[in-house]
$ cat entry-v4.txt   # compact mmCIF, C-alpha atoms and all ligand atoms
# COMPACT_ATOMS: atom_id res chain seq x y z
CA MET A 8 0.00 0.00 0.00
CA GLN A 9 1.22 3.48 -0.80
CA ASN A 10 2.22 5.61 2.19
CA ILE A 11 -0.07 8.64 1.99
CA PHE A 12 1.90 10.53 4.64
CA THR A 13 4.88 11.08 2.31
CA LYS A 14 2.85 13.73 0.46
CA THR A 15 2.45 15.85 3.61
CA THR A 16 3.03 19.59 3.18
CA PHE A 17 3.04 22.53 5.60
CA MET A 18 -0.12 24.64 5.50
CA GLN A 19 0.15 27.34 8.16
CA GLY A 20 0.96 28.12 11.78
CA VAL A 21 -1.59 29.95 13.90
CA LEU A 22 -1.61 31.63 17.29
CA ASN A 23 -5.35 32.09 17.24
CA ILE A 24 -7.73 29.33 16.29
CA LYS A 25 -9.81 31.84 14.31
CA ASN A 26 -7.03 31.83 11.70
CA ALA A 27 -6.93 28.05 11.33
CA PRO A 28 -7.69 26.31 8.02
CA PRO A 29 -11.33 25.24 7.45
CA ASP A 30 -12.61 22.78 10.03
CA GLU A 31 -13.25 19.87 7.67
CA GLY A 32 -12.01 16.36 6.95
CA PHE A 33 -10.05 14.40 9.54
CA GLU A 34 -7.58 16.04 11.86
CA PHE A 35 -5.00 14.37 14.13
CA VAL A 36 -3.21 16.41 16.72
CA LEU A 37 0.33 15.71 17.94
CA ALA A 38 0.60 16.51 21.65
CA GLY A 39 3.20 15.91 24.32
CA ARG A 40 5.72 17.50 26.63
CA SER A 41 8.17 19.91 25.13
CA ASN A 42 11.14 18.03 23.64
CA ALA A 43 9.26 14.68 23.61
CA GLY A 44 9.88 14.37 19.88
CA LYS A 45 6.53 15.38 18.29
CA SER A 46 7.97 17.36 15.39
CA SER A 47 10.64 14.71 14.74
CA ALA A 48 7.90 12.06 14.69
CA LEU A 49 5.89 14.10 12.19
CA ASN A 50 8.97 14.25 9.97
CA CYS A 51 9.41 10.47 10.24
CA LEU A 52 5.77 9.81 9.39
CA ALA A 53 6.15 12.01 6.32
CA LYS A 54 9.67 10.73 5.57
CA ASN A 55 10.76 14.35 5.22
CA LYS A 56 13.26 15.66 7.77
CA LYS A 57 12.73 19.23 6.62
CA LEU A 58 8.98 19.37 7.14
CA ALA A 59 8.62 20.40 10.80
CA ARG A 60 11.29 22.30 12.71
CA THR A 61 12.89 20.35 15.53
CA SER A 62 15.35 21.44 18.18
CA LYS A 63 17.41 20.30 21.16
CA MET A 64 16.02 23.33 23.01
CA PRO A 65 12.57 22.69 24.48
CA GLY A 66 9.87 25.08 23.28
CA ARG A 67 10.81 24.96 19.59
CA THR A 68 7.22 24.78 18.34
CA THR A 69 5.33 27.88 19.45
CA GLU A 70 2.29 27.91 17.18
CA ILE A 71 -0.33 25.38 16.20
CA ASN A 72 1.09 24.15 12.90
CA PHE A 73 -1.25 22.59 10.35
CA PHE A 74 0.06 20.06 7.84
CA LYS A 75 -1.93 18.72 4.92
CA VAL A 76 -1.55 14.99 4.26
CA ASN A 77 -4.14 14.93 1.46
CA ASP A 78 -7.48 16.62 0.72
CA GLU A 79 -9.05 14.87 3.70
CA ILE A 80 -6.40 14.42 6.37
CA LYS A 81 -4.45 16.99 8.39
CA LEU A 82 -1.77 16.54 11.04
CA VAL A 83 -1.51 19.30 13.63
CA ASP A 84 1.75 19.84 15.49
CA LEU A 85 1.20 21.50 18.87
CA PRO A 86 3.62 23.44 21.04
CA GLY A 87 4.85 21.18 23.85
CA TYR A 88 3.53 21.44 27.38
CA GLY A 89 5.44 21.06 30.66
CA PHE A 90 8.18 23.48 29.63
CA SER A 91 9.30 24.94 32.95
CA LYS A 92 11.06 27.99 31.53
CA MET A 93 7.98 29.24 29.72
CA SER A 94 6.71 32.58 31.06
CA ILE A 95 3.40 32.57 32.92
CA ASP A 96 1.82 34.74 30.22
CA LYS A 97 2.94 32.40 27.44
CA LYS A 98 1.72 29.38 29.37
CA LYS A 99 -1.68 31.00 29.87
CA ASN A 100 -1.90 31.82 26.15
CA LEU A 101 -0.94 28.25 25.28
CA ASP A 102 -3.62 26.85 27.61
CA ILE A 103 -6.25 29.10 26.01
CA LEU A 104 -5.07 28.13 22.51
CA LEU A 105 -5.25 24.39 23.31
CA ASP A 106 -8.61 24.77 25.00
CA ASN A 107 -10.03 26.66 22.01
CA TYR A 108 -8.59 24.12 19.61
CA PHE A 109 -9.99 21.08 21.44
CA SER A 110 -13.38 22.59 22.11
CA THR A 111 -14.05 24.01 18.64
CA ARG A 112 -12.47 21.63 16.13
CA ARG A 113 -15.16 19.27 14.93
CA SER A 114 -12.77 17.56 12.50
CA LEU A 115 -10.47 16.48 15.36
CA CYS A 116 -10.48 12.64 15.23
CA ALA A 117 -7.81 11.75 17.74
CA ALA A 118 -4.81 13.06 19.64
CA ILE A 119 -1.43 11.36 19.50
CA ILE A 120 0.32 11.81 22.83
CA PHE A 121 4.10 11.51 22.60
CA MET A 122 6.16 10.67 25.69
CA ASP A 123 9.89 10.10 26.07
CA ILE A 124 10.23 6.36 26.81
CA ARG A 125 12.75 7.18 29.57
CA HIS A 126 10.24 9.24 31.58
CA PRO A 127 6.66 8.65 30.46
CA LEU A 128 3.39 9.55 32.20
CA LYS A 129 4.49 12.75 33.88
CA ASP A 130 1.71 14.71 35.61
CA SER A 131 1.35 16.94 32.55
CA ASP A 132 0.85 13.84 30.32
CA ILE A 133 -1.88 12.53 32.61
CA GLN A 134 -3.49 15.99 32.55
CA MET A 135 -3.37 15.91 28.74
CA MET A 136 -5.06 12.49 28.71
CA GLU A 137 -7.74 13.75 31.11
CA PHE A 138 -8.14 16.84 28.93
CA CYS A 139 -8.72 14.58 25.89
CA ASN A 140 -11.25 12.50 27.85
CA ARG A 141 -13.11 15.65 28.93
CA HIS A 142 -13.36 16.75 25.30
CA GLY A 143 -14.35 13.26 24.12
CA VAL A 144 -11.22 12.97 21.97
CA PRO A 145 -9.63 9.49 21.83
CA PHE A 146 -5.86 9.36 22.09
CA ILE A 147 -3.04 7.13 20.86
CA SER A 148 -0.09 6.81 23.27
CA VAL A 149 3.37 6.85 21.71
CA LEU A 150 6.69 6.30 23.46
CA THR A 151 9.56 8.09 21.71
CA LYS A 152 13.36 7.81 21.58
CA SER A 153 13.49 4.01 21.98
CA ASP A 154 17.05 4.15 20.56
CA LYS A 155 18.10 5.57 23.95
CA LEU A 156 17.31 2.28 25.75
CA ASN A 157 18.21 -1.39 25.35
CA SER A 158 15.51 -3.90 24.50
CA SER A 159 14.82 -5.04 28.07
CA ALA A 160 14.47 -1.44 29.30
CA ILE A 161 12.12 -0.73 26.37
CA ALA A 162 9.97 -3.73 27.30
CA LYS A 163 9.95 -2.71 30.97
CA SER A 164 8.90 0.88 30.28
CA THR A 165 6.26 -0.17 27.73
CA LYS A 166 4.74 -2.77 30.07
CA SER A 167 4.58 -0.29 32.91
CA VAL A 168 2.81 2.30 30.73
CA GLU A 169 0.41 -0.35 29.40
CA LYS A 170 -0.43 -1.39 32.94
CA LYS A 171 -0.94 2.17 34.20
CA LEU A 172 -3.11 3.13 31.22
CA ASN A 173 -4.85 -0.22 31.09
CA SER A 174 -4.12 -0.30 27.35
CA GLN A 175 -2.45 -2.80 25.05
CA SER A 176 -1.81 -0.40 22.22
CA ILE A 177 1.20 1.66 23.17
CA ILE A 178 3.35 2.41 20.12
CA VAL A 179 7.11 2.50 20.59
CA THR A 180 9.02 4.71 18.17
CA SER A 181 12.44 6.07 17.37
CA SER A 182 12.93 8.97 15.01
CA ASN A 183 16.57 7.94 14.79
CA ASN A 184 15.95 4.49 13.32
CA ASP A 185 12.34 4.82 12.10
CA GLU A 186 11.00 2.17 14.46
CA GLY A 187 7.23 2.20 14.96
CA PHE A 188 6.10 4.65 12.29
CA ASP A 189 4.42 2.03 10.09
CA ARG A 190 2.38 1.00 13.12
CA LEU A 191 1.57 4.62 13.94
CA SER A 192 0.41 5.43 10.41
CA LYS A 193 -1.81 2.31 10.39
CA LYS A 194 -3.26 3.29 13.77
CA ILE A 195 -4.06 6.80 12.53
CA LEU A 196 -5.79 5.46 9.42
CA GLU A 197 -7.94 3.12 11.53
CA PHE A 198 -9.78 6.22 12.78
CA ILE A 199 -10.99 7.17 9.33
CA LYS A 200 -12.09 3.81 7.99
N1 LIG B 301 17.73 9.91 20.13
C1 LIG B 301 16.56 10.42 19.72
N2 LIG B 301 16.38 11.75 19.74
C2 LIG B 301 15.18 12.22 19.33
C3 LIG B 301 14.13 11.38 18.88
N3 LIG B 301 13.06 12.15 18.57
C4 LIG B 301 13.44 13.42 18.79
N4 LIG B 301 14.71 13.47 19.27
C5 LIG B 301 15.46 14.68 19.63
O1 LIG B 301 14.77 15.34 20.69
C6 LIG B 301 14.85 16.76 20.53
C7 LIG B 301 13.43 17.33 20.50
O2 LIG B 301 12.75 16.87 19.35
P1 LIG B 301 11.52 17.67 18.73
O3 LIG B 301 10.95 16.79 17.67
O4 LIG B 301 11.90 19.05 18.35
O5 LIG B 301 10.55 17.72 20.00
P2 LIG B 301 9.13 18.41 20.16
O6 LIG B 301 8.31 17.47 20.99
O7 LIG B 301 8.56 18.78 18.84
O8 LIG B 301 9.50 19.71 21.04
P3 LIG B 301 8.69 21.11 21.17
O9 LIG B 301 8.45 21.63 19.79
O10 LIG B 301 9.61 21.93 21.99
O11 LIG B 301 7.42 20.81 21.90
C8 LIG B 301 15.63 17.00 19.24
O12 LIG B 301 16.99 17.24 19.58
C9 LIG B 301 15.48 15.69 18.49
O13 LIG B 301 16.56 15.43 17.61
C10 LIG B 301 14.38 9.96 18.85
O14 LIG B 301 13.53 9.13 18.50
N5 LIG B 301 15.61 9.55 19.28
MG MG B 302 7.98 20.61 18.10
$ encode --input "entry-v4.txt" --output "structure tokens"
Amino acid sequence: MQNIFTKTTFMQGVLNIKNAPPDEGFEFVLAGRSNAGKSSALNCLAKNKKLARTSKMPGRTTEINFFKVNDEIKLVDLPGYGFSKMSIDKKKNLDILLDNYFSTRRSLCAAIIFMDIRHPLKDSDIQMMEFCNRHGVPFISVLTKSDKLNSSAIAKSTKSVEKKLNSQSIIVTSSNNDEGFDRLSKKILEFIK
């Protein structure tokens, strides 16, 4: 089967949801703590390292960035949460932006929550999951940076997250060696069958 994500292009970044592209088709939002690897994961899904900007410095993504996969599907890269150095004003604006996005976007199908496999399920991740539940948005849990651990540590972390979330469908990825992205793209497409 052809990988539809390789056609992904950047549409626009917005700081106010009023400026977002039309609310139509199927939208998937990439959420997670700052530096978790959301933008890198987007680039791996699309097989295009230049698509979304990534950085070693947390707080790289500051707007809601819309990416068009095809006429129906969009991927939406969010600024990361849990970034301690963010000013109170910026944090407040980010909370309002996320709240507006989740409460108004009818085309939002699911959130993909990215967590560093070395320290998953921080309080802010749990809050994000509760936030999704409150808005009736299902979420896919993804553990990132698996290349940083050996296989037994990967299995241990994954099992522990599965147990805590009571879920069997945690996806383990590495943007360094492309692990897990076929599974993630399949999972995303399951929502629009
Ligand atoms: N080793 C390793 N490093 C990764 C992986 N994914 C991302 N990184 C690195 O982690 C850092 C943060 O990645 P980003 O993709 O910018 O993270 P983000 O979640 O988009 O961060 P914000 O935009 O700040 O919210 C960068 O230095 C990436 O190169 C991975 O799978 N393995
Ligand atoms: Mg980013």
$ closest_atom_pairs --input "entry-v4.txt" --of "segment 18-130 of chain A" --to "segment 165-186 of chain A" --cutoff "9 Å" --atoms "all atoms listed in the file" --output "JSON lines"
{"residue": "A:Gly44", "atom": "CA", "partner": "A:Ser182", "partner_atom": "CA", "distance": 7.9}
{"residue": "A:Ser47", "atom": "CA", "partner": "A:Ser182", "partner_atom": "CA", "distance": 6.2}
{"residue": "A:Ala48", "atom": "CA", "partner": "A:Ser182", "partner_atom": "CA", "distance": 5.9}
{"residue": "A:Asn50", "atom": "CA", "partner": "A:Ser182", "partner_atom": "CA", "distance": 8.3}
{"residue": "A:Cys51", "atom": "CA", "partner": "A:Ser182", "partner_atom": "CA", "distance": 6.1}
{"residue": "A:Leu52", "atom": "CA", "partner": "A:Asp185", "partner_atom": "CA", "distance": 8.7}
{"residue": "A:Ile124", "atom": "CA", "partner": "A:Thr165", "partner_atom": "CA", "distance": 7.7}
{"residue": "A:Pro127", "atom": "CA", "partner": "A:Val168", "partner_atom": "CA", "distance": 7.4}
{"residue": "A:Leu128", "atom": "CA", "partner": "A:Val168", "partner_atom": "CA", "distance": 7.4}
$ residues_near_ligand --input "entry-v4.txt" --ligand "ligand LIG 301 (chain B)" --cutoff "8 Å" --atoms "only C-alpha atoms and all ligand atoms" --output "PDB file with C-alpha atoms, keeping the file's coordinate frame"
ATOM      1  CA  ALA A  38       0.600  16.510  21.650  1.00  0.00           C
ATOM      2  CA  GLY A  39       3.200  15.910  24.320  1.00  0.00           C
ATOM      3  CA  ARG A  40       5.720  17.500  26.630  1.00  0.00           C
ATOM      4  CA  SER A  41       8.170  19.910  25.130  1.00  0.00           C
ATOM      5  CA  ASN A  42      11.140  18.030  23.640  1.00  0.00           C
ATOM      6  CA  ALA A  43       9.260  14.680  23.610  1.00  0.00           C
ATOM      7  CA  GLY A  44       9.880  14.370  19.880  1.00  0.00           C
ATOM      8  CA  LYS A  45       6.530  15.380  18.290  1.00  0.00           C
ATOM      9  CA  SER A  46       7.970  17.360  15.390  1.00  0.00           C
ATOM     10  CA  SER A  47      10.640  14.710  14.740  1.00  0.00           C
ATOM     11  CA  ALA A  48       7.900  12.060  14.690  1.00  0.00           C
ATOM     12  CA  LEU A  49       5.890  14.100  12.190  1.00  0.00           C
ATOM     13  CA  ARG A  60      11.290  22.300  12.710  1.00  0.00           C
ATOM     14  CA  THR A  61      12.890  20.350  15.530  1.00  0.00           C
ATOM     15  CA  SER A  62      15.350  21.440  18.180  1.00  0.00           C
ATOM     16  CA  LYS A  63      17.410  20.300  21.160  1.00  0.00           C
ATOM     17  CA  MET A  64      16.020  23.330  23.010  1.00  0.00           C
ATOM     18  CA  PRO A  65      12.570  22.690  24.480  1.00  0.00           C
ATOM     19  CA  GLY A  66       9.870  25.080  23.280  1.00  0.00           C
ATOM     20  CA  ARG A  67      10.810  24.960  19.590  1.00  0.00           C
ATOM     21  CA  THR A  68       7.220  24.780  18.340  1.00  0.00           C
ATOM     22  CA  THR A  69       5.330  27.880  19.450  1.00  0.00           C
ATOM     23  CA  ASP A  84       1.750  19.840  15.490  1.00  0.00           C
ATOM     24  CA  LEU A  85       1.200  21.500  18.870  1.00  0.00           C
ATOM     25  CA  PRO A  86       3.620  23.440  21.040  1.00  0.00           C
ATOM     26  CA  GLY A  87       4.850  21.180  23.850  1.00  0.00           C
ATOM     27  CA  TYR A  88       3.530  21.440  27.380  1.00  0.00           C
ATOM     28  CA  PHE A  90       8.180  23.480  29.630  1.00  0.00           C
ATOM     29  CA  PHE A 121       4.100  11.510  22.600  1.00  0.00           C
ATOM     30  CA  THR A 151       9.560   8.090  21.710  1.00  0.00           C
ATOM     31  CA  LYS A 152      13.360   7.810  21.580  1.00  0.00           C
ATOM     32  CA  SER A 153      13.490   4.010  21.980  1.00  0.00           C
ATOM     33  CA  ASP A 154      17.050   4.150  20.560  1.00  0.00           C
ATOM     34  CA  LYS A 155      18.100   5.570  23.950  1.00  0.00           C
ATOM     35  CA  THR A 180       9.020   4.710  18.170  1.00  0.00           C
ATOM     36  CA  SER A 181      12.440   6.070  17.370  1.00  0.00           C
ATOM     37  CA  SER A 182      12.930   8.970  15.010  1.00  0.00           C
ATOM     38  CA  ASN A 183      16.570   7.940  14.790  1.00  0.00           C
ATOM     39  CA  ASN A 184      15.950   4.490  13.320  1.00  0.00           C
ATOM     40  CA  ASP A 185      12.340   4.820  12.100  1.00  0.00           C
TER      41      ASP A 185
END
$ closest_residue --input "entry-v4.txt" --among "A:Ser148, A:Asn72, A:Ser110, A:Gln9" --to "ligand MG 302 (chain B)" --atoms "all atoms listed in the file"
A:Asn72
$ residues_near_point --input "entry-v4.txt" --point "(0.2, 32.7, 14.7)" --cutoff "10 Å" --atoms "only C-alpha atoms" --output "ChimeraX atom specification"
/A:19-24,26-27,69-72
$ closest_residue --input "entry-v4.txt" --among "A:His126, A:Arg141, A:Lys194, A:Lys14" --to "Asp106 of chain A" --atoms "all atoms listed in the file"
A:Arg141
$ closest_residue --input "entry-v4.txt" --among "A:Asn107, A:Thr16, A:Ser159, A:Ser192" --to "Asn77 of chain A" --atoms "all atoms listed in the file"
A:Thr16
$ residues_around --input "entry-v4.txt" --residues "Ile195 of chain A" --least-positions-apart "3" --cutoff "12 Å" --atoms "all atoms listed in the file" --output "PyMOL selection string"
chain A and resi 11-12+33-37+52+76+80-82+115-119+145-149+178+188-192+198-200
$ write_last_selection --input "entry-v4.txt" --atoms "C-alpha atoms" --output "PDB file, in the frame of the given file"
ATOM      1  CA  ILE A  11      -0.070   8.640   1.990  1.00  0.00           C
ATOM      2  CA  PHE A  12       1.900  10.530   4.640  1.00  0.00           C
ATOM      3  CA  PHE A  33     -10.050  14.400   9.540  1.00  0.00           C
ATOM      4  CA  GLU A  34      -7.580  16.040  11.860  1.00  0.00           C
ATOM      5  CA  PHE A  35      -5.000  14.370  14.130  1.00  0.00           C
ATOM      6  CA  VAL A  36      -3.210  16.410  16.720  1.00  0.00           C
ATOM      7  CA  LEU A  37       0.330  15.710  17.940  1.00  0.00           C
ATOM      8  CA  LEU A  52       5.770   9.810   9.390  1.00  0.00           C
ATOM      9  CA  VAL A  76      -1.550  14.990   4.260  1.00  0.00           C
ATOM     10  CA  ILE A  80      -6.400  14.420   6.370  1.00  0.00           C
ATOM     11  CA  LYS A  81      -4.450  16.990   8.390  1.00  0.00           C
ATOM     12  CA  LEU A  82      -1.770  16.540  11.040  1.00  0.00           C
ATOM     13  CA  LEU A 115     -10.470  16.480  15.360  1.00  0.00           C
ATOM     14  CA  CYS A 116     -10.480  12.640  15.230  1.00  0.00           C
ATOM     15  CA  ALA A 117      -7.810  11.750  17.740  1.00  0.00           C
ATOM     16  CA  ALA A 118      -4.810  13.060  19.640  1.00  0.00           C
ATOM     17  CA  ILE A 119      -1.430  11.360  19.500  1.00  0.00           C
ATOM     18  CA  PRO A 145      -9.630   9.490  21.830  1.00  0.00           C
ATOM     19  CA  PHE A 146      -5.860   9.360  22.090  1.00  0.00           C
ATOM     20  CA  ILE A 147      -3.040   7.130  20.860  1.00  0.00           C
ATOM     21  CA  SER A 148      -0.090   6.810  23.270  1.00  0.00           C
ATOM     22  CA  VAL A 149       3.370   6.850  21.710  1.00  0.00           C
ATOM     23  CA  ILE A 178       3.350   2.410  20.120  1.00  0.00           C
ATOM     24  CA  PHE A 188       6.100   4.650  12.290  1.00  0.00           C
ATOM     25  CA  ASP A 189       4.420   2.030  10.090  1.00  0.00           C
ATOM     26  CA  ARG A 190       2.380   1.000  13.120  1.00  0.00           C
ATOM     27  CA  LEU A 191       1.570   4.620  13.940  1.00  0.00           C
ATOM     28  CA  SER A 192       0.410   5.430  10.410  1.00  0.00           C
ATOM     29  CA  PHE A 198      -9.780   6.220  12.780  1.00  0.00           C
ATOM     30  CA  ILE A 199     -10.990   7.170   9.330  1.00  0.00           C
ATOM     31  CA  LYS A 200     -12.090   3.810   7.990  1.00  0.00           C
TER      32      LYS A 200
END
$ atom_distance --input "entry-v4.txt" --atom1 "atom CA of Arg112 of chain A" --atom2 "atom CA of Asp30 of chain A"
6.2 Å
$ atom_distance --input "entry-v4.txt" --atom1 "atom CA of Lys25 of chain A" --atom2 "atom CA of Leu196 of chain A"
27.1 Å
$ axis_aligned_box --input "entry-v4.txt" --around "segment 114-123 of chain A" --padding-each-side "8 Å" --output "JSON"
{"center_x": -1.4, "center_y": 13.8, "center_z": 19.3, "size_x": 38.7, "size_y": 23.5, "size_z": 29.6}
$ closest_residue --input "entry-v4.txt" --among "A:Ala59, A:Lys129, A:Met18, A:Ser94" --to "ligand MG 302 (chain B)" --atoms "only C-alpha atoms and all ligand atoms"
A:Ala59
$ atom_distance --input "entry-v4.txt" --atom1 "atom CA of Lys75 of chain A" --atom2 "atom CA of Met93 of chain A"
28.7 Å
$ closest_residue --input "entry-v4.txt" --among "A:Phe109, A:Phe138, A:Glu31, A:Arg125" --to "Ser164 of chain A" --atoms "only C-alpha atoms"
A:Arg125
$ closest_residue --input "entry-v4.txt" --among "A:Val83, A:Leu105, A:Ala53, A:Val144" --to "ligand MG 302 (chain B)" --atoms "all atoms listed in the file"
A:Val83
